[in-house]
Each structure stands twice: as C-alpha cells, then as structure tokens.
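Novice: Sharing my_file19.pdb below, PDB, C-alpha atoms, pLDDT in the B column:
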ATOM      1  CA  MET F  87     -39.038 -87.592  21.213  1.00 27.00           C
ATOM      2  CA  GLU F  88     -37.036 -88.393  24.294  1.00 33.00           C
ATOM      3  CA  LEU F  89     -36.960 -86.038  27.199  1.00 39.00           C
ATOM      4  CA  HIS F  90     -34.396 -87.057  29.776  1.00 40.00           C
ATOM      5  CA  GLU F  91     -33.442 -83.635  30.962  1.00 49.00           C
ATOM      6  CA  GLU F  92     -34.637 -80.127  31.511  1.00 65.00           C
ATOM      7  CA  PRO F  93     -32.887 -77.409  29.523  1.00 73.00           C
ATOM      8  CA  LYS F  94     -29.645 -76.663  31.299  1.00 79.00           C
ATOM      9  CA  VAL F  95     -26.198 -75.193  30.942  1.00 83.00           C
ATOM     10  CA  VAL F  96     -23.193 -76.967  32.455  1.00 84.00           C
ATOM     11  CA  ARG F  97     -19.606 -75.795  32.827  1.00 88.00           C
ATOM     12  CA  ARG F  98     -16.841 -77.960  34.332  1.00 89.00           C
ATOM     13  CA  ILE F  99     -13.554 -76.477  35.463  1.00 92.00           C
ATOM     14  CA  GLU F 100     -10.519 -78.419  36.659  1.00 91.00           C
ATOM     15  CA  ILE F 101      -8.351 -76.536  39.091  1.00 92.00           C
ATOM     16  CA  GLU F 102      -4.962 -77.445  40.545  1.00 91.00           C
ATOM     17  CA  LEU F 103      -5.931 -76.350  44.023  1.00 93.00           C
ATOM     18  CA  GLY F 104      -7.465 -78.305  46.888  1.00 93.00           C
ATOM     19  CA  PRO F 105     -11.276 -78.320  47.089  1.00 94.00           C
ATOM     20  CA  ASP F 106     -11.234 -76.346  50.360  1.00 94.00           C
ATOM     21  CA  ARG F 107      -9.225 -73.502  48.841  1.00 94.00           C
ATOM     22  CA  VAL F 108     -11.368 -73.466  45.711  1.00 95.00           C
ATOM     23  CA  TRP F 109     -14.482 -73.268  47.846  1.00 96.00           C
ATOM     24  CA  GLU F 110     -13.045 -70.298  49.762  1.00 95.00           C
ATOM     25  CA  ILE F 111     -12.281 -68.424  46.569  1.00 94.00           C
ATOM     26  CA  VAL F 112     -15.524 -69.324  44.786  1.00 95.00           C
ATOM     27  CA  THR F 113     -17.858 -68.436  47.660  1.00 95.00           C
ATOM     28  CA  GLY F 114     -15.692 -65.728  49.251  1.00 91.00           C
ATOM     29  CA  ALA F 115     -15.787 -63.461  46.230  1.00 86.00           C
ATOM     30  CA  LEU F 116     -19.017 -64.434  44.489  1.00 92.00           C
ATOM     31  CA  GLY F 117     -19.714 -60.946  43.185  1.00 91.00           C
ATOM     32  CA  ASP F 118     -16.204 -60.598  41.753  1.00 92.00           C
ATOM     33  CA  TRP F 119     -16.690 -63.410  39.299  1.00 95.00           C
ATOM     34  CA  LEU F 120     -20.482 -63.500  38.914  1.00 93.00           C
ATOM     35  CA  GLY F 121     -20.195 -59.984  37.608  1.00 88.00           C
ATOM     36  CA  GLY F 122     -21.566 -57.338  39.926  1.00 85.00           C
ATOM     37  CA  ASP F 123     -22.452 -56.495  43.489  1.00 87.00           C
ATOM     38  CA  ILE F 124     -24.224 -59.406  45.087  1.00 91.00           C
ATOM     39  CA  GLU F 125     -25.518 -59.782  48.599  1.00 92.00           C
ATOM     40  CA  ILE F 126     -25.953 -63.395  49.582  1.00 93.00           C
ATOM     41  CA  ASP F 127     -26.806 -64.896  52.947  1.00 95.00           C
ATOM     42  CA  LEU F 128     -25.023 -68.247  52.764  1.00 94.00           C
ATOM     43  CA  ARG F 129     -27.491 -70.555  54.479  1.00 96.00           C
ATOM     44  CA  PRO F 130     -30.593 -72.414  53.327  1.00 96.00           C
ATOM     45  CA  GLY F 131     -33.377 -69.867  52.944  1.00 97.00           C
ATOM     46  CA  GLY F 132     -30.863 -67.001  52.856  1.00 96.00           C
ATOM     47  CA  LYS F 133     -31.760 -64.118  50.568  1.00 96.00           C
ATOM     48  CA  ILE F 134     -29.816 -63.154  47.463  1.00 95.00           C
ATOM     49  CA  ASP F 135     -29.886 -59.601  46.184  1.00 94.00           C
ATOM     50  CA  PHE F 136     -28.201 -59.256  42.815  1.00 92.00           C
ATOM     51  CA  SER F 137     -30.506 -56.526  41.640  1.00 87.00           C
ATOM     52  CA  ALA F 138     -28.086 -53.594  41.647  1.00 83.00           C
ATOM     53  CA  THR F 139     -26.156 -54.733  38.605  1.00 81.00           C
ATOM     54  CA  GLN F 140     -27.830 -57.859  37.232  1.00 83.00           C
ATOM     55  CA  ARG F 141     -31.511 -57.251  38.011  1.00 88.00           C
ATOM     56  CA  ARG F 142     -31.764 -60.601  39.732  1.00 92.00           C
ATOM     57  CA  GLU F 143     -32.816 -61.769  43.151  1.00 94.00           C
ATOM     58  CA  GLY F 144     -33.058 -65.184  44.696  1.00 95.00           C
ATOM     59  CA  VAL F 145     -32.760 -67.516  47.625  1.00 96.00           C
ATOM     60  CA  VAL F 146     -30.187 -70.080  48.785  1.00 97.00           C
ATOM     61  CA  GLU F 147     -31.671 -73.556  48.662  1.00 97.00           C
ATOM     62  CA  GLU F 148     -28.790 -75.752  49.805  1.00 97.00           C
ATOM     63  CA  TYR F 149     -25.497 -74.983  51.497  1.00 97.00           C
ATOM     64  CA  GLU F 150     -22.931 -77.658  52.281  1.00 96.00           C
ATOM     65  CA  PRO F 151     -19.707 -75.824  53.154  1.00 95.00           C
ATOM     66  CA  GLY F 152     -16.734 -77.034  51.138  1.00 94.00           C
ATOM     67  CA  ARG F 153     -18.841 -78.988  48.721  1.00 96.00           C
ATOM     68  CA  ARG F 154     -22.067 -77.669  47.364  1.00 97.00           C
ATOM     69  CA  LEU F 155     -24.079 -74.463  46.976  1.00 98.00           C
ATOM     70  CA  VAL F 156     -27.482 -74.320  45.321  1.00 97.00           C
ATOM     71  CA  TRP F 157     -29.554 -71.233  44.758  1.00 97.00           C
ATOM     72  CA  ARG F 158     -32.719 -70.321  42.899  1.00 95.00           C
ATOM     73  CA  TRP F 159     -32.901 -66.939  41.248  1.00 94.00           C
ATOM     74  CA  TRP F 160     -35.205 -64.966  39.010  1.00 93.00           C
ATOM     75  CA  GLU F 161     -35.577 -61.612  37.333  1.00 91.00           C
ATOM     76  CA  ALA F 162     -36.026 -58.937  39.989  1.00 90.00           C
ATOM     77  CA  GLY F 163     -39.716 -58.268  40.555  1.00 88.00           C
ATOM     78  CA  ASP F 164     -40.960 -61.518  39.029  1.00 85.00           C
ATOM     79  CA  GLN F 165     -43.685 -62.798  41.358  1.00 82.00           C
ATOM     80  CA  ASP F 166     -44.928 -65.979  39.732  1.00 78.00           C
ATOM     81  CA  GLY F 167     -41.781 -68.014  39.129  1.00 80.00           C
ATOM     82  CA  ALA F 168     -41.923 -67.518  35.382  1.00 78.00           C
ATOM     83  CA  THR F 169     -38.197 -66.757  35.183  1.00 85.00           C
ATOM     84  CA  ASP F 170     -36.932 -69.111  37.909  1.00 90.00           C
ATOM     85  CA  THR F 171     -33.735 -70.990  37.291  1.00 92.00           C
ATOM     86  CA  VAL F 172     -31.626 -73.037  39.695  1.00 94.00           C
ATOM     87  CA  VAL F 173     -27.841 -72.724  39.905  1.00 96.00           C
ATOM     88  CA  GLU F 174     -25.756 -75.468  41.491  1.00 97.00           C
ATOM     89  CA  LEU F 175     -22.050 -75.205  42.268  1.00 97.00           C
ATOM     90  CA  VAL F 176     -20.384 -78.475  43.244  1.00 97.00           C
ATOM     91  CA  ILE F 177     -16.731 -78.877  44.159  1.00 97.00           C
ATOM     92  CA  GLY F 178     -15.162 -82.312  44.245  1.00 95.00           C
ATOM     93  CA  GLU F 179     -11.726 -83.829  44.217  1.00 93.00           C
ATOM     94  CA  ALA F 180     -10.111 -84.530  40.878  1.00 91.00           C
ATOM     95  CA  ASN F 181      -6.851 -86.147  39.784  1.00 86.00           C
ATOM     96  CA  ARG F 182      -4.862 -82.939  39.875  1.00 85.00           C
ATOM     97  CA  GLY F 183      -6.803 -80.950  42.424  1.00 92.00           C
ATOM     98  CA  SER F 184     -10.474 -80.050  42.195  1.00 95.00           C
ATOM     99  CA  LEU F 185     -13.321 -80.160  39.794  1.00 96.00           C
ATOM    100  CA  LEU F 186     -15.872 -77.362  39.939  1.00 96.00           C
ATOM    101  CA  THR F 187     -19.158 -78.111  38.199  1.00 95.00           C
ATOM    102  CA  ILE F 188     -21.585 -75.260  37.565  1.00 95.00           C
ATOM    103  CA  THR F 189     -25.099 -76.100  36.408  1.00 93.00           C
ATOM    104  CA  GLU F 190     -27.970 -73.717  35.673  1.00 92.00           C
ATOM    105  CA  THR F 191     -31.314 -75.389  35.050  1.00 89.00           C
ATOM    106  CA  ARG F 192     -34.595 -73.952  33.927  1.00 82.00           C
ATOM    107  CA  SER F 193     -37.451 -74.618  36.281  1.00 68.00           C
ATOM    108  CA  PRO F 194     -40.155 -77.209  35.538  1.00 60.00           C
ATOM    109  CA  ALA F 195     -42.619 -74.432  34.643  1.00 54.00           C
ATOM    110  CA  TRP F 196     -40.421 -73.427  31.721  1.00 56.00           C
ATOM    111  CA  THR F 197     -39.961 -77.034  30.707  1.00 53.00           C
ATOM    112  CA  TRP F 198     -43.689 -77.472  30.465  1.00 50.00           C
ATOM    113  CA  GLU F 199     -43.834 -74.558  28.125  1.00 54.00           C
ATOM    114  CA  LEU F 200     -41.080 -76.171  26.064  1.00 50.00           C
ATOM    115  CA  ILE F 201     -42.848 -79.516  25.903  1.00 47.00           C
ATOM    116  CA  GLU F 202     -46.152 -78.004  24.996  1.00 46.00           C
ATOM    117  CA  THR F 203     -44.733 -75.919  22.224  1.00 47.00           C
ATOM    118  CA  THR F 204     -42.540 -78.626  20.720  1.00 46.00           C
ATOM    119  CA  TRP F 205     -44.900 -81.543  21.092  1.00 40.00           C
ATOM    120  CA  ILE F 206     -47.566 -80.215  18.830  1.00 37.00           C
ATOM    121  CA  ASP F 207     -48.854 -83.492  17.496  1.00 38.00           C
ATOM    122  CA  PRO F 208     -48.687 -86.341  20.044  1.00 37.00           C
ATOM    123  CA  PRO F 209     -48.677 -89.776  18.389  1.00 39.00           C
ATOM    124  CA  SER F 210     -51.504 -92.195  19.103  1.00 39.00           C
ATOM    125  CA  SER F 211     -49.040 -94.495  20.884  1.00 39.00           C
ATOM    126  CA  HIS F 212     -49.037 -91.935  23.702  1.00 38.00           C
ATOM    127  CA  PRO F 213     -52.724 -91.360  24.343  1.00 37.00           C
ATOM    128  CA  GLY F 214     -51.897 -89.034  27.214  1.00 36.00           C
ATOM    129  CA  GLY F 215     -49.887 -86.919  24.842  1.00 33.00           C
ATOM    130  CA  ILE F 216     -47.896 -84.260  26.602  1.00 35.00           C
ATOM    131  CA  LEU F 217     -48.665 -85.441  30.116  1.00 34.00           C
ATOM    132  CA  ALA F 218     -47.652 -89.035  29.496  1.00 31.00           C
ATOM    133  CA  LEU F 219     -44.298 -88.003  28.082  1.00 34.00           C
ATOM    134  CA  ALA F 220     -43.429 -85.470  30.672  1.00 33.00           C
ATOM    135  CA  ARG F 221     -43.831 -87.658  33.713  1.00 27.00           C
TER     136      ARG F 221
ATOM    137  CA  MET D  48     -36.736 -83.013  16.889  1.00 52.00           C
ATOM    138  CA  SER D  49     -34.988 -84.760  19.778  1.00 61.00           C
ATOM    139  CA  VAL D  50     -34.282 -82.478  22.717  1.00 63.00           C
ATOM    140  CA  GLU D  51     -31.318 -84.675  23.544  1.00 68.00           C
ATOM    141  CA  ALA D  52     -29.829 -84.180  20.091  1.00 72.00           C
ATOM    142  CA  VAL D  53     -30.105 -80.445  20.659  1.00 74.00           C
ATOM    143  CA  PHE D  54     -28.321 -80.665  24.007  1.00 72.00           C
ATOM    144  CA  THR D  55     -25.576 -82.774  22.451  1.00 76.00           C
ATOM    145  CA  ALA D  56     -25.160 -80.385  19.551  1.00 80.00           C
ATOM    146  CA  LEU D  57     -24.895 -77.445  21.951  1.00 76.00           C
ATOM    147  CA  ALA D  58     -22.438 -79.122  24.323  1.00 77.00           C
ATOM    148  CA  ASP D  59     -19.507 -77.734  22.318  1.00 82.00           C
ATOM    149  CA  SER D  60     -18.667 -74.071  22.829  1.00 81.00           C
ATOM    150  CA  THR D  61     -17.373 -73.526  19.282  1.00 87.00           C
ATOM    151  CA  ARG D  62     -20.546 -75.046  17.900  1.00 89.00           C
ATOM    152  CA  ARG D  63     -22.624 -72.696  20.049  1.00 84.00           C
ATOM    153  CA  LEU D  64     -20.638 -69.828  18.601  1.00 85.00           C
ATOM    154  CA  VAL D  65     -21.248 -71.082  15.070  1.00 91.00           C
ATOM    155  CA  LEU D  66     -24.972 -71.313  15.788  1.00 86.00           C
ATOM    156  CA  GLN D  67     -24.974 -67.845  17.296  1.00 81.00           C
ATOM    157  CA  ARG D  68     -23.299 -66.437  14.185  1.00 83.00           C
ATOM    158  CA  VAL D  69     -25.773 -68.192  11.891  1.00 85.00           C
ATOM    159  CA  ALA D  70     -28.602 -66.753  13.987  1.00 77.00           C
ATOM    160  CA  GLU D  71     -27.045 -63.276  13.911  1.00 75.00           C
ATOM    161  CA  ARG D  72     -26.237 -63.101  10.233  1.00 78.00           C
ATOM    162  CA  GLY D  73     -28.708 -65.453   8.580  1.00 76.00           C
ATOM    163  CA  ASP D  74     -28.217 -66.903   5.084  1.00 84.00           C
ATOM    164  CA  VAL D  75     -24.520 -67.323   5.640  1.00 90.00           C
ATOM    165  CA  THR D  76     -22.069 -69.752   4.025  1.00 93.00           C
ATOM    166  CA  ALA D  77     -19.402 -71.892   5.696  1.00 95.00           C
ATOM    167  CA  THR D  78     -16.723 -69.758   4.037  1.00 93.00           C
ATOM    168  CA  GLU D  79     -18.209 -66.534   5.397  1.00 92.00           C
ATOM    169  CA  LEU D  80     -18.514 -68.053   8.859  1.00 94.00           C
ATOM    170  CA  ALA D  81     -14.923 -69.321   8.807  1.00 94.00           C
ATOM    171  CA  ALA D  82     -13.683 -65.839   7.920  1.00 93.00           C
ATOM    172  CA  ASP D  83     -15.389 -64.584  11.044  1.00 85.00           C
ATOM    173  CA  LEU D  84     -14.398 -67.325  13.483  1.00 90.00           C
ATOM    174  CA  PRO D  85     -11.075 -68.589  14.846  1.00 90.00           C
ATOM    175  CA  VAL D  86     -11.535 -72.026  13.241  1.00 92.00           C
ATOM    176  CA  SER D  87     -10.934 -73.536   9.813  1.00 94.00           C
ATOM    177  CA  ARG D  88     -13.567 -73.777   7.128  1.00 94.00           C
ATOM    178  CA  GLN D  89     -13.401 -77.557   7.459  1.00 94.00           C
ATOM    179  CA  ALA D  90     -14.120 -77.353  11.202  1.00 95.00           C
ATOM    180  CA  VAL D  91     -16.987 -74.926  10.567  1.00 96.00           C
ATOM    181  CA  SER D  92     -18.462 -77.388   8.058  1.00 95.00           C
ATOM    182  CA  LYS D  93     -18.373 -80.177  10.623  1.00 95.00           C
ATOM    183  CA  HIS D  94     -20.127 -77.986  13.185  1.00 95.00           C
ATOM    184  CA  LEU D  95     -22.735 -77.000  10.596  1.00 95.00           C
ATOM    185  CA  ASP D  96     -23.352 -80.682   9.850  1.00 93.00           C
ATOM    186  CA  ALA D  97     -23.884 -81.420  13.542  1.00 91.00           C
ATOM    187  CA  LEU D  98     -26.208 -78.440  13.962  1.00 91.00           C
ATOM    188  CA  GLY D  99     -28.130 -79.510  10.877  1.00 90.00           C
ATOM    189  CA  ALA D 100     -28.455 -83.080  12.169  1.00 87.00           C
ATOM    190  CA  ALA D 101     -29.948 -81.714  15.387  1.00 84.00           C
ATOM    191  CA  GLY D 102     -32.448 -79.735  13.334  1.00 83.00           C
ATOM    192  CA  LEU D 103     -31.159 -76.381  14.525  1.00 85.00           C
ATOM    193  CA  ILE D 104     -30.170 -75.001  11.134  1.00 89.00           C
ATOM    194  CA  LEU D 105     -31.122 -75.576   7.521  1.00 89.00           C
ATOM    195  CA  GLY D 106     -28.902 -75.342   4.485  1.00 91.00           C
ATOM    196  CA  SER D 107     -30.009 -74.447   0.979  1.00 91.00           C
ATOM    197  CA  LYS D 108     -27.889 -74.558  -2.148  1.00 91.00           C
ATOM    198  CA  VAL D 109     -27.171 -71.234  -3.793  1.00 86.00           C
ATOM    199  CA  GLY D 110     -24.875 -71.683  -6.778  1.00 89.00           C
ATOM    200  CA  ARG D 111     -21.917 -73.739  -5.603  1.00 89.00           C
ATOM    201  CA  GLU D 112     -22.266 -72.753  -1.978  1.00 90.00           C
ATOM    202  CA  VAL D 113     -24.703 -73.720   0.741  1.00 93.00           C
ATOM    203  CA  GLN D 114     -26.334 -70.956   2.745  1.00 92.00           C
ATOM    204  CA  TYR D 115     -27.407 -71.648   6.302  1.00 93.00           C
ATOM    205  CA  ARG D 116     -30.074 -70.171   8.500  1.00 87.00           C
ATOM    206  CA  VAL D 117     -31.521 -71.145  11.861  1.00 83.00           C
ATOM    207  CA  THR D 118     -34.610 -73.325  11.819  1.00 78.00           C
ATOM    208  CA  PRO D 119     -37.761 -71.510  12.907  1.00 64.00           C
ATOM    209  CA  GLU D 120     -38.710 -74.165  15.445  1.00 60.00           C
ATOM    210  CA  PRO D 121     -40.635 -73.508  18.643  1.00 45.00           C
ATOM    211  CA  LEU D 122     -37.674 -75.022  20.442  1.00 54.00           C
ATOM    212  CA  THR D 123     -35.587 -71.951  19.694  1.00 59.00           C
ATOM    213  CA  GLY D 124     -36.961 -70.447  22.928  1.00 66.00           C
ATOM    214  CA  ALA D 125     -35.060 -73.045  24.934  1.00 68.00           C
ATOM    215  CA  VAL D 126     -32.095 -72.927  22.587  1.00 69.00           C
ATOM    216  CA  ARG D 127     -31.872 -69.163  22.855  1.00 72.00           C
ATOM    217  CA  TRP D 128     -31.969 -69.484  26.620  1.00 79.00           C
ATOM    218  CA  MET D 129     -29.132 -72.023  26.553  1.00 77.00           C
ATOM    219  CA  LEU D 130     -27.029 -69.807  24.304  1.00 77.00           C
ATOM    220  CA  GLU D 131     -27.557 -66.675  26.390  1.00 81.00           C
ATOM    221  CA  VAL D 132     -27.085 -68.331  29.762  1.00 87.00           C
ATOM    222  CA  GLY D 133     -24.137 -70.325  28.391  1.00 84.00           C
ATOM    223  CA  SER D 134     -22.310 -67.185  27.304  1.00 84.00           C
ATOM    224  CA  GLU D 135     -23.037 -65.538  30.682  1.00 89.00           C
ATOM    225  CA  TRP D 136     -21.376 -68.473  32.432  1.00 91.00           C
ATOM    226  CA  ASP D 137     -18.465 -68.415  29.990  1.00 88.00           C
ATOM    227  CA  GLU D 138     -17.777 -64.836  31.060  1.00 90.00           C
ATOM    228  CA  ARG D 139     -18.117 -65.705  34.739  1.00 94.00           C
ATOM    229  CA  VAL D 140     -15.827 -68.714  34.383  1.00 93.00           C
ATOM    230  CA  THR D 141     -13.213 -66.505  32.723  1.00 92.00           C
ATOM    231  CA  ARG D 142     -13.355 -64.107  35.689  1.00 94.00           C
ATOM    232  CA  LEU D 143     -13.236 -66.991  38.169  1.00 95.00           C
ATOM    233  CA  ARG D 144     -10.158 -68.425  36.441  1.00 93.00           C
ATOM    234  CA  SER D 145      -8.393 -65.085  36.875  1.00 92.00           C
ATOM    235  CA  LEU D 146      -9.262 -65.096  40.567  1.00 92.00           C
ATOM    236  CA  LEU D 147      -8.002 -68.652  40.970  1.00 91.00           C
ATOM    237  CA  GLN D 148      -4.920 -67.769  38.954  1.00 86.00           C
ATOM    238  CA  ALA D 149      -4.044 -65.085  41.483  1.00 85.00           C
ATOM    239  CA  ASP D 150      -3.888 -67.742  44.191  1.00 81.00           C
ATOM    240  CA  ASP D 151      -0.620 -69.491  45.124  1.00 63.00           C
ATOM    241  CA  GLY D 152       0.011 -72.886  43.612  1.00 53.00           C
ATOM    242  CA  TYR D 153      -2.441 -72.079  40.892  1.00 53.00           C
ATOM    243  CA  GLY D 154      -3.051 -74.144  37.820  1.00 49.00           C
ATOM    244  CA  VAL D 155      -6.205 -74.522  35.820  1.00 51.00           C
ATOM    245  CA  THR D 156      -6.486 -77.088  33.076  1.00 46.00           C
TER     246      THR D 156
END
Write out the structure in this file as structure tokens.
Specialist:
Amino acid sequence: MELHEEPKVVRRIEIELGPDRVWEIVTGALGDWLGGDIEIDLRPGGKIDFSATQRREGVVEEYEPGRRLVWRWWEAGDQDGATDTVVELVIGEANRGSLLTITETRSPAWTWELIETTWIDPPSSHPGGILALAR
Amino acid sequence: MSVEAVFTALADSTRRLVLQRVAERGDVTATELAADLPVSRQAVSKHLDALGAAGLILGSKVGREVQYRVTPEPLTGAVRWMLEVGSEWDERVTRLRSLLQADDGYGVT
C-alpha cells in the first residue's frame, strides 16, 4: 500500500478574469458562495464563525492577499480536533486569466485513523507496521 | 487496496456520482444506473470498471446482468468523507461561478 497523500478534495476553476479581481470576488463575498452567513477575520489567527448556518467554526492560518488563503475549521463545539480539516484557496495566473485551486484536506489525526483501520495486517517487510508506513 | 487508486478513481465527478448512486441503491445494474444518470450505459460501464479496479465496488452476476454494490471496506469512512465534502464544494463552486459570471469581462472555462 502506498500512501502519498492525506484524504483530500480538490477543485480547480479557470476564470477569464485577472487574479486580483478574482481574489476580490472570492474573499469579498465568502458567505455568498460558501453557503451561509460567515464571519471571518482575514488575518493569520483570525476567527471564523460559520456556526449560524453551517455549524462550523475555525481559524485563519495563512493570508497572502491576492494569492492565498488557508483556514482550519471544524464542527462547532468540537474541542479535540477530531473533525479538523484545512481549506486552502490559491489563485494564480493562467493562460486565459486565473486559476483558482480549492483544496480541503483531512487533518493528520483522521489520517491515522484511516491508516490504522485499513492496514490491518502489516507485512513482515515493514516490521514497524503502521508507524513505518505513515512516516 | 491502494489509497492512491481510490483517489484516482474518485478524481472524476461523474464517477463519484456513479459511486454515490451504487451506495444509495445497492445491488444495481449498469442499465439501471444509466437510466438514472445523464450518461450512456457504455460510459457507466467504464466508470464501474474503474471503481471496481480501485476496490470500491463489487459486481456479481445475476442472470445476464451484473449487479453492483459498494465494498464494505474500512476505507469507506474516508471515501464517504471525500464524496460528501466533494459535493459540498461542487455546490459552492457553482455559486462562485454565478458570482464571477456577474462580473464584467466574465468567462469561466
């Protein structure tokens, strides 16, 4: 079994608009397209409250205006990171305008659970079993 | 089962839809799936082959048809997550496209 990646969902969208304009639209009206009222403080460490409609809350991890926004979010009320996922929005130039790449990745804690449940019978060639494969 | 094979199999949105339908209905044939989806029976068969190769579904012969069901693997936790989160983002992307469409000089490919 090869494990190059954590479970993730990726969507790529090509847009015939300049990256700056796309960034304005994407970050200026986050709630409009994410699907509900969202309060987000756009700076590293800024709080995200998406609990009114989506029962989610989170925190901004990285903010590079015009280029990249990364946040971590979880189910509202979750204290131990069991439902953490990380969302990354990246805008770059493309042939005909911009390319927006959206990635949502499950946190390492979830991946561990995945490895442990799928790798039931480690082969003798990996004496460390789960640990050896995961690192 | 290779996790990478699963990711590859799920990279296609139509294939995710096919998998979702198999999961929803269970013991379903390619013909029944094609009747329910906006793709040909031939295309459905190809997607079923890819999903089978990734170990996500299993087919069993019933008469002249093959019935498919999802494989009861532990991995389905991660797969279910990918399907659910994937369809959430599909909806969001649709809304975002409308927003972008409303902007001057719009064009989304």
Novice: Any chance you could resolve the PyMOL selection byres ((chain D and resi 115) around 10) against this file and give the residues as a JSON list (two decimals) with C-alpha atoms, in the frame of the given file?
Specialist:
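Below is the file result-v7.json, written as the result:
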[["chain", "number", "residue", "atom", "x", "y", "z"],
["D", 66, "LEU", "CA", -24.97, -71.31, 15.79],
["D", 69, "VAL", "CA", -25.77, -68.19, 11.89],
["D", 70, "ALA", "CA", -28.60, -66.75, 13.99],
["D", 72, "ARG", "CA", -26.24, -63.10, 10.23],
["D", 73, "GLY", "CA", -28.71, -65.45, 8.58],
["D", 74, "ASP", "CA", -28.22, -66.90, 5.08],
["D", 75, "VAL", "CA", -24.52, -67.32, 5.64],
["D", 76, "THR", "CA", -22.07, -69.75, 4.03],
["D", 77, "ALA", "CA", -19.40, -71.89, 5.70],
["D", 80, "LEU", "CA", -18.51, -68.05, 8.86],
["D", 95, "LEU", "CA", -22.74, -77.00, 10.60],
["D", 99, "GLY", "CA", -28.13, -79.51, 10.88],
["D", 104, "ILE", "CA", -30.17, -75.00, 11.13],
["D", 105, "LEU", "CA", -31.12, -75.58, 7.52],
["D", 106, "GLY", "CA", -28.90, -75.34, 4.49],
["D", 107, "SER", "CA", -30.01, -74.45, 0.98],
["D", 108, "LYS", "CA", -27.89, -74.56, -2.15],
["D", 112, "GLU", "CA", -22.27, -72.75, -1.98],
["D", 113, "VAL", "CA", -24.70, -73.72, 0.74],
["D", 114, "GLN", "CA", -26.33, -70.96, 2.74],
["D", 116, "ARG", "CA", -30.07, -70.17, 8.50],
["D", 117, "VAL", "CA", -31.52, -71.14, 11.86],
["D", 118, "THR", "CA", -34.61, -73.32, 11.82]]
Novice: Extract, using only C-alpha atoms, all DNA, RNA and protein residues at most 12 Å from F:Ala180, discarding same-chain residues fewer than 4 positions from it, and format them as a PyMOL selection string.
Specialist: (chain F and resi 98-105+184-187) or (chain D and resi 155-156)
Novice: Exactly which residues make up the result of the PyMOL selection byres ((chain D and resi 101) around 8) on this file, given as a list of chain:residue names?
Specialist: D:Met48, D:Ser49, D:Ala52, D:Val53, D:Ala56, D:Ala97, D:Leu98, D:Gly99, D:Ala100, D:Gly102, D:Leu103, D:Ile104
Novice: Take the PyMOL selection byres ((chain F and resi 113) around 10), apply it to the structure above, and return the hits as a list of chain:residue names.
Specialist: F:Val108, F:Trp109, F:Glu110, F:Ile111, F:Val112, F:Gly114, F:Ala115, F:Leu116, F:Gly117, F:Asp118, F:Trp119, F:Ile126, F:Leu128, F:Pro151, F:Gly152, F:Leu155, F:Leu175
Novice: Taking 3 positions as the minimum chain separation for residues in the same chain, which residues sit within 7 Å of stretch 128-144 of chain D when counting only C-alpha atoms? Answer as a PyMOL selection string.
Specialist: (chain F and resi 94-95+119-121) or (chain D and resi 63+124-125+147-148)
Novice: What gap, in Å, lies between atom CA of F:Glu174 and atom CA of F:Arg97?
Specialist: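 These atoms are spaced 10.6 Å apart.
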Novice: For chain D, which residue out of F:Glu148, F:Val173, F:Pro93, F:Gly122 is the nearest one, using all atoms listed in the file?
Specialist: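 So, comparing all the options, the nearest one is F:Pro93.
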Novice: Rounded to one decimal place, report the atom CA of D:Glu71-atom CA of F:Thr171 distance in Å.
Specialist: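 Taking atom CA of D:Glu71 as the start and atom CA of F:Thr171 as the end point, the length is 25.5 Å.
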Novice: Quick one: distance from atom CA of F:Glu125 to atom CA of F:Glu143 in Å, one decimal?
Specialist: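 That distance, rounded to one decimal, is 9.3 Å.
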Novice: Using all atoms listed in the file, which of the listed residues (F:Gln165, F:Val145, F:Arg107, F:Lys133) sits closest to D:Asp150?
Specialist: F:Arg107
